[in-house]
file work-v3.pdb (PDB, C-alpha atoms)
MODEL        1
ATOM      1  CA  ARG G   9      93.216  94.015  86.617
ATOM      2  CA  GLU G  10      96.058  92.446  84.708
ATOM      3  CA  ALA G  11      99.095  91.356  86.664
ATOM      4  CA  TYR G  12     102.446  92.856  85.761
ATOM      5  CA  ALA G  13     103.995  90.399  83.345
ATOM      6  CA  GLY G  14     107.430  91.954  83.001
ATOM      7  CA  PRO G  15     108.975  94.209  80.353
ATOM      8  CA  ALA G  16     106.217  93.523  77.790
ATOM      9  CA  SER G  17     103.759  95.541  79.893
ATOM     10  CA  LEU G  18     106.213  98.237  80.933
ATOM     11  CA  SER G  19     103.969 101.155  79.953
ATOM     12  CA  THR G  20     101.165  99.736  82.131
ATOM     13  CA  ALA G  21     103.603  99.326  85.015
ATOM     14  CA  GLN G  22     104.891 102.870  84.579
ATOM     15  CA  GLU G  23     101.340 104.203  84.519
ATOM     16  CA  SER G  24     100.498 102.247  87.670
ATOM     17  CA  GLN G  25     103.624 103.527  89.413
ATOM     18  CA  ALA G  26     102.761 107.119  88.504
ATOM     19  CA  THR G  27      99.290 106.663  90.002
ATOM     20  CA  VAL G  28     100.789 105.179  93.172
ATOM     21  CA  LEU G  29     103.249 108.039  93.529
ATOM     22  CA  MET G  30     100.485 110.577  92.974
ATOM     23  CA  HIS G  31      98.467 109.068  95.832
ATOM     24  CA  CYS G  32     101.527 108.895  98.092
ATOM     25  CA  ARG G  33     102.273 112.561  97.489
ATOM     26  CA  ALA G  34      98.644 113.463  98.172
ATOM     27  CA  ALA G  35      98.694 111.455 101.406
ATOM     28  CA  ARG G  36     101.823 113.278 102.594
ATOM     29  CA  LEU G  37     100.302 116.666 101.869
ATOM     30  CA  GLN G  38      97.055 116.029 103.727
ATOM     31  CA  PRO G  39      97.612 113.315 106.327
ATOM     32  CA  PRO G  40      94.386 111.927 107.791
ATOM     33  CA  GLY G  41      94.046 110.442 111.293
ATOM     34  CA  ASN G  42      97.199 108.860 112.662
ATOM     35  CA  PHE G  43      99.128 109.101 109.386
ATOM     36  CA  MET G  44     102.699 110.214 109.943
ATOM     37  CA  SER G  45     103.702 113.530 108.399
ATOM     38  CA  GLU G  46     106.536 113.686 105.872
ATOM     39  CA  SER G  47     108.926 114.961 108.545
ATOM     40  CA  GLU G  48     108.145 111.902 110.676
ATOM     41  CA  THR G  49     108.483 109.301 107.952
ATOM     42  CA  GLY G  50     111.348 110.413 105.768
ATOM     43  CA  GLN G  51     110.472 108.537 102.610
ATOM     44  CA  VAL G  52     108.636 105.607 101.098
ATOM     45  CA  PHE G  53     110.849 102.519 101.382
ATOM     46  CA  GLN G  54     108.816 100.339  99.023
ATOM     47  CA  ILE G  55     105.457 100.294  97.232
ATOM     48  CA  ILE G  56     103.737  96.920  96.908
ATOM     49  CA  ASP G  57     100.994  96.792  94.284
ATOM     50  CA  ALA G  58      98.996  93.767  95.407
ATOM     51  CA  ARG G  59      95.751  94.693  93.664
ATOM     52  CA  GLY G  60      94.168  91.599  92.200
ATOM     53  CA  ARG G  61      96.385  89.236  94.200
ATOM     54  CA  HIS G  62      94.690  86.540  96.248
ATOM     55  CA  PRO G  63      95.212  85.983  99.992
ATOM     56  CA  PRO G  64      97.569  85.344 101.601
ATOM     57  CA  GLU G  65      99.994  86.755  98.986
ATOM     58  CA  PRO G  66      99.466  90.490  99.779
ATOM     59  CA  MET G  67      99.966  89.904 103.505
ATOM     60  CA  MET G  68     103.025  87.711 102.950
ATOM     61  CA  ARG G  69     104.614  90.288 100.634
ATOM     62  CA  ALA G  70     103.996  93.027 103.202
ATOM     63  CA  LEU G  71     105.448  90.981 106.064
ATOM     64  CA  GLU G  72     108.565  90.144 104.031
ATOM     65  CA  ALA G  73     109.084  93.824 103.179
ATOM     66  CA  LEU G  74     108.535  94.886 106.798
ATOM     67  CA  GLU G  75     111.469  92.703 107.861
ATOM     68  CA  LEU G  76     113.690  95.031 105.808
ATOM     69  CA  LEU G  77     111.936  98.325 106.591
ATOM     70  CA  PRO G  78     114.416 100.861 108.001
ATOM     71  CA  ARG G  79     113.376 103.030 110.937
ATOM     72  CA  GLY G  80     111.954 106.354 109.835
ATOM     73  CA  GLN G  81     110.627 105.033 106.525
ATOM     74  CA  LYS G  82     107.304 103.579 105.469
ATOM     75  CA  LEU G  83     105.931 100.772 103.365
ATOM     76  CA  VAL G  84     102.939 101.394 101.086
ATOM     77  CA  MET G  85     100.720  98.563  99.879
ATOM     78  CA  LEU G  86      97.860  98.855  97.403
ATOM     79  CA  THR G  87      95.245  96.125  97.618
ATOM     80  CA  HIS G  88      91.683  95.448  96.506
ATOM     81  CA  CYS G  89      90.462  94.747 100.063
ATOM     82  CA  GLU G  90      91.284  95.583 103.669
ATOM     83  CA  SER G  91      93.621  93.040 105.204
ATOM     84  CA  ARG G  92      92.315  92.914 108.772
ATOM     85  CA  PRO G  93      94.483  89.904 109.736
ATOM     86  CA  LEU G  94      97.528  91.944 108.630
ATOM     87  CA  PHE G  95      96.437  94.866 110.822
ATOM     88  CA  ARG G  96      96.385  92.656 113.931
ATOM     89  CA  ILE G  97      99.840  91.265 113.066
ATOM     90  CA  LEU G  98     101.202  94.781 112.557
ATOM     91  CA  ARG G  99     100.021  96.009 115.963
ATOM     92  CA  HIS G 100     101.263  92.853 117.682
ATOM     93  CA  ASN G 101     104.737  93.246 116.129
ATOM     94  CA  GLY G 102     105.367  96.936 116.811
ATOM     95  CA  PHE G 103     104.139  98.546 113.607
ATOM     96  CA  ASP G 104     101.524 101.199 113.050
ATOM     97  CA  TYR G 105      99.449 101.682 109.927
ATOM     98  CA  ARG G 106      96.854 103.768 108.167
ATOM     99  CA  CYS G 107      94.375 102.239 105.714
ATOM    100  CA  LYS G 108      92.509 104.488 103.314
ATOM    101  CA  PHE G 109      90.032 103.707 100.520
ATOM    102  CA  ILE G 110      91.069 105.301  97.219
ATOM    103  CA  SER G 111      88.212 106.395  94.951
ATOM    104  CA  GLU G 112      89.623 104.383  92.023
ATOM    105  CA  GLY G 113      88.469 101.267  93.902
ATOM    106  CA  TYR G 114      91.369 100.040  96.024
ATOM    107  CA  PHE G 115      92.866 100.469  99.485
ATOM    108  CA  GLU G 116      96.166 102.151 100.323
ATOM    109  CA  VAL G 117      97.818 100.761 103.447
ATOM    110  CA  VAL G 118     100.770 102.742 104.815
ATOM    111  CA  MET G 119     102.877 100.941 107.439
ATOM    112  CA  TRP G 120     105.728 102.135 109.662
ATOM    113  CA  HIS G 121     107.517 101.297 112.913
ATOM    114  CA  ALA G 122     105.261 102.396 115.792
ATOM    115  CA  ALA G 123     108.385 103.479 117.703
ATOM    116  CA  ASP G 124     108.986 106.134 115.016
ATOM    117  CA  THR G 125     105.687 107.812 115.919
ATOM    118  CA  LEU G 126     106.390 107.583 119.665
ATOM    119  CA  ALA G 127     109.943 108.912 119.371
ATOM    120  CA  THR G 128     108.862 111.838 117.213
ATOM    121  CA  SER G 129     105.943 112.816 119.441
ATOM    122  CA  ALA G 130     108.231 112.639 122.510
ATOM    123  CA  GLY G 131     110.797 114.874 120.814
ATOM    124  CA  LEU G 132     113.473 112.163 120.867
ATOM    125  CA  GLU G 133     114.305 112.390 117.156
TER     126      GLU G 133
ENDMDL
END
call {"tool": "encode", "arguments": {"input": "work-v3.pdb", "output": "structure tokens"}}
result
Amino acid sequence: REAYAGPASLSTAQESQATVLMHCRAARLQPPGNFMSESETGQVFQIIDARGRHPPEPMMRALEALELLPRGQKLVMLTHCESRPLFRILRHNGFDYRCKFISEGYFEVVMWHAADTLATSAGLE
């Protein structure tokens, strides 16, 4: 895949963003496994399209964004492979996640504060 090169490839970026949003909406409508429902998450804080990026860039971008992630919101990252080292870091630092393979050939990783899931299931929020 071509990397986003700025305004010159705006139509490609817009198309990519539309695809990302379509998958996010689909995920909220039919949440698999431990995925948080729309009422639990509020909204998507940021979408990171890291497809085609080489390690450790996708993980570093996700960790930087997680430092700013507000409670009750989620971070979505698209990547060409599962980032198992990231998953261990997430669990160790109080985040939960769901990783799902998308049929177009990439993974969608949704991340959120684990405390959001606990508070919602306990009826505290």
call {"tool": "atom_distance", "arguments": {"input": "work-v3.pdb", "atom1": "CA of Leu76 (chain G)", "atom2": "CA of Pro64 (chain G)"}}
result
19.3 Å
call {"tool": "resolve_selection", "arguments": {"input": "work-v3.pdb", "expression": "the PyMOL selection byres ((chain G and resi 113) around 10)", "output": "list in words"}}
result
Arg59, Thr87, His88, Cys89, Phe109, Ile110, Ser111, Glu112, Tyr114 and Phe115 of chain G
call {"tool": "atom_distance", "arguments": {"input": "work-v3.pdb", "atom1": "CA of Ala58 (chain G)", "atom2": "CA of Met85 (chain G)"}}
result
6.8 Å
call {"tool": "resolve_selection", "arguments": {"input": "work-v3.pdb", "expression": "the PyMOL selection byres ((chain G and resi 81) around 9)", "output": "PyMOL selection string"}}
result
chain G and resi 48-53+77-80+82-83+119-121+124
call {"tool": "closest_residue", "arguments": {"input": "work-v3.pdb", "among": "G:Ile55, G:Met68, G:Val84, G:Ala122", "to": "His100 (chain G)", "atoms": "only C-alpha atoms"}}
result
G:Ala122
call {"tool": "closest_residue", "arguments": {"input": "work-v3.pdb", "among": "G:Leu86, G:Gly102, G:Arg69, G:Leu74", "to": "Asp57 (chain G)", "atoms": "only C-alpha atoms"}}
result
G:Leu86
call {"tool": "resolve_selection", "arguments": {"input": "work-v3.pdb", "expression": "the PyMOL selection byres ((chain G and resi 98) around 12)", "output": "PyMOL selection string"}}
result
chain G and resi 67+70-71+74-75+83+91-97+99-106+117-122
call {"tool": "axis_aligned_box", "arguments": {"input": "work-v3.pdb", "around": "region 59-76 of chain G", "padding_each_side": "6 Å", "output": "lines of an AutoDock Vina configuration file"}}
result
center_x = 103.9
center_y = 90.2
center_z = 100.0
size_x = 31.5
size_y = 21.7
size_z = 27.7
call {"tool": "closest_residue", "arguments": {"input": "work-v3.pdb", "among": "G:Ala123, G:Glu90, G:Pro63, G:Ala73", "to": "Cys107 (chain G)", "atoms": "only C-alpha atoms"}}
result
G:Glu90
call {"tool": "build_atoms", "arguments": {"input": "work-v3.pdb", "residues": "region 65-92 of chain G", "atoms": "N, CA and C atoms", "output": "tab-separated table (two decimals), in the coordinates of the input"}}
result
chain	number	residue	atom	x	y	z
G	65	GLU	N	98.84	86.12	99.63
G	65	GLU	CA	99.99	86.76	98.99
G	65	GLU	C	100.21	88.21	99.39
G	66	PRO	N	99.19	89.10	99.38
G	66	PRO	CA	99.47	90.49	99.78
G	66	PRO	C	100.04	90.60	101.19
G	67	MET	N	99.48	89.85	102.13
G	67	MET	CA	99.97	89.90	103.50
G	67	MET	C	101.40	89.37	103.59
G	68	MET	N	101.68	88.29	102.91
G	68	MET	CA	103.02	87.71	102.95
G	68	MET	C	104.05	88.67	102.35
G	69	ARG	N	103.69	89.32	101.25
G	69	ARG	CA	104.61	90.29	100.63
G	69	ARG	C	104.88	91.46	101.57
G	70	ALA	N	103.82	91.92	102.26
G	70	ALA	CA	104.00	93.03	103.20
G	70	ALA	C	104.88	92.61	104.37
G	71	LEU	N	104.65	91.43	104.92
G	71	LEU	CA	105.45	90.98	106.06
G	71	LEU	C	106.91	90.79	105.68
G	72	GLU	N	107.17	90.29	104.48
G	72	GLU	CA	108.56	90.14	104.03
G	72	GLU	C	109.23	91.51	103.90
G	73	ALA	N	108.52	92.48	103.35
G	73	ALA	CA	109.08	93.82	103.18
G	73	ALA	C	109.30	94.51	104.53
G	74	LEU	N	108.40	94.26	105.48
G	74	LEU	CA	108.54	94.89	106.80
G	74	LEU	C	109.78	94.41	107.54
G	75	GLU	N	110.24	93.20	107.24
G	75	GLU	CA	111.47	92.70	107.86
G	75	GLU	C	112.67	93.56	107.47
G	76	LEU	N	112.59	94.21	106.32
G	76	LEU	CA	113.69	95.03	105.81
G	76	LEU	C	113.46	96.53	105.98
G	77	LEU	N	112.29	96.91	106.50
G	77	LEU	CA	111.94	98.32	106.59
G	77	LEU	C	112.83	99.07	107.58
G	78	PRO	N	113.58	100.07	107.09
G	78	PRO	CA	114.42	100.86	108.00
G	78	PRO	C	113.56	101.78	108.88
G	79	ARG	N	114.06	102.07	110.06
G	79	ARG	CA	113.38	103.03	110.94
G	79	ARG	C	113.27	104.36	110.21
G	80	GLY	N	112.15	105.04	110.43
G	80	GLY	CA	111.95	106.35	109.84
G	80	GLY	C	111.41	106.32	108.42
G	81	GLN	N	111.19	105.14	107.87
G	81	GLN	CA	110.63	105.03	106.52
G	81	GLN	C	109.32	104.27	106.59
G	82	LYS	N	108.60	104.25	105.48
G	82	LYS	CA	107.30	103.58	105.47
G	82	LYS	C	107.16	102.67	104.27
G	83	LEU	N	106.27	101.73	104.41
G	83	LEU	CA	105.93	100.77	103.36
G	83	LEU	C	104.51	101.08	102.93
G	84	VAL	N	104.27	101.13	101.63
G	84	VAL	CA	102.94	101.39	101.09
G	84	VAL	C	102.49	100.17	100.32
G	85	MET	N	101.27	99.70	100.61
G	85	MET	CA	100.72	98.56	99.88
G	85	MET	C	99.37	98.96	99.32
G	86	LEU	N	99.15	98.63	98.06
G	86	LEU	CA	97.86	98.86	97.40
G	86	LEU	C	97.20	97.50	97.25
G	87	THR	N	95.94	97.41	97.66
G	87	THR	CA	95.24	96.12	97.62
G	87	THR	C	93.76	96.35	97.35
G	88	HIS	N	93.10	95.33	96.85
G	88	HIS	CA	91.68	95.45	96.51
G	88	HIS	C	90.76	95.29	97.72
G	89	CYS	N	91.30	94.90	98.86
G	89	CYS	CA	90.46	94.75	100.06
G	89	CYS	C	91.29	95.08	101.31
G	90	GLU	N	90.60	95.35	102.40
G	90	GLU	CA	91.28	95.58	103.67
G	90	GLU	C	91.81	94.25	104.18
G	91	SER	N	93.01	94.26	104.69
G	91	SER	CA	93.62	93.04	105.20
G	91	SER	C	93.61	93.08	106.73
G	92	ARG	N	92.45	92.83	107.32
G	92	ARG	CA	92.32	92.91	108.77
G	92	ARG	C	93.25	91.97	109.52
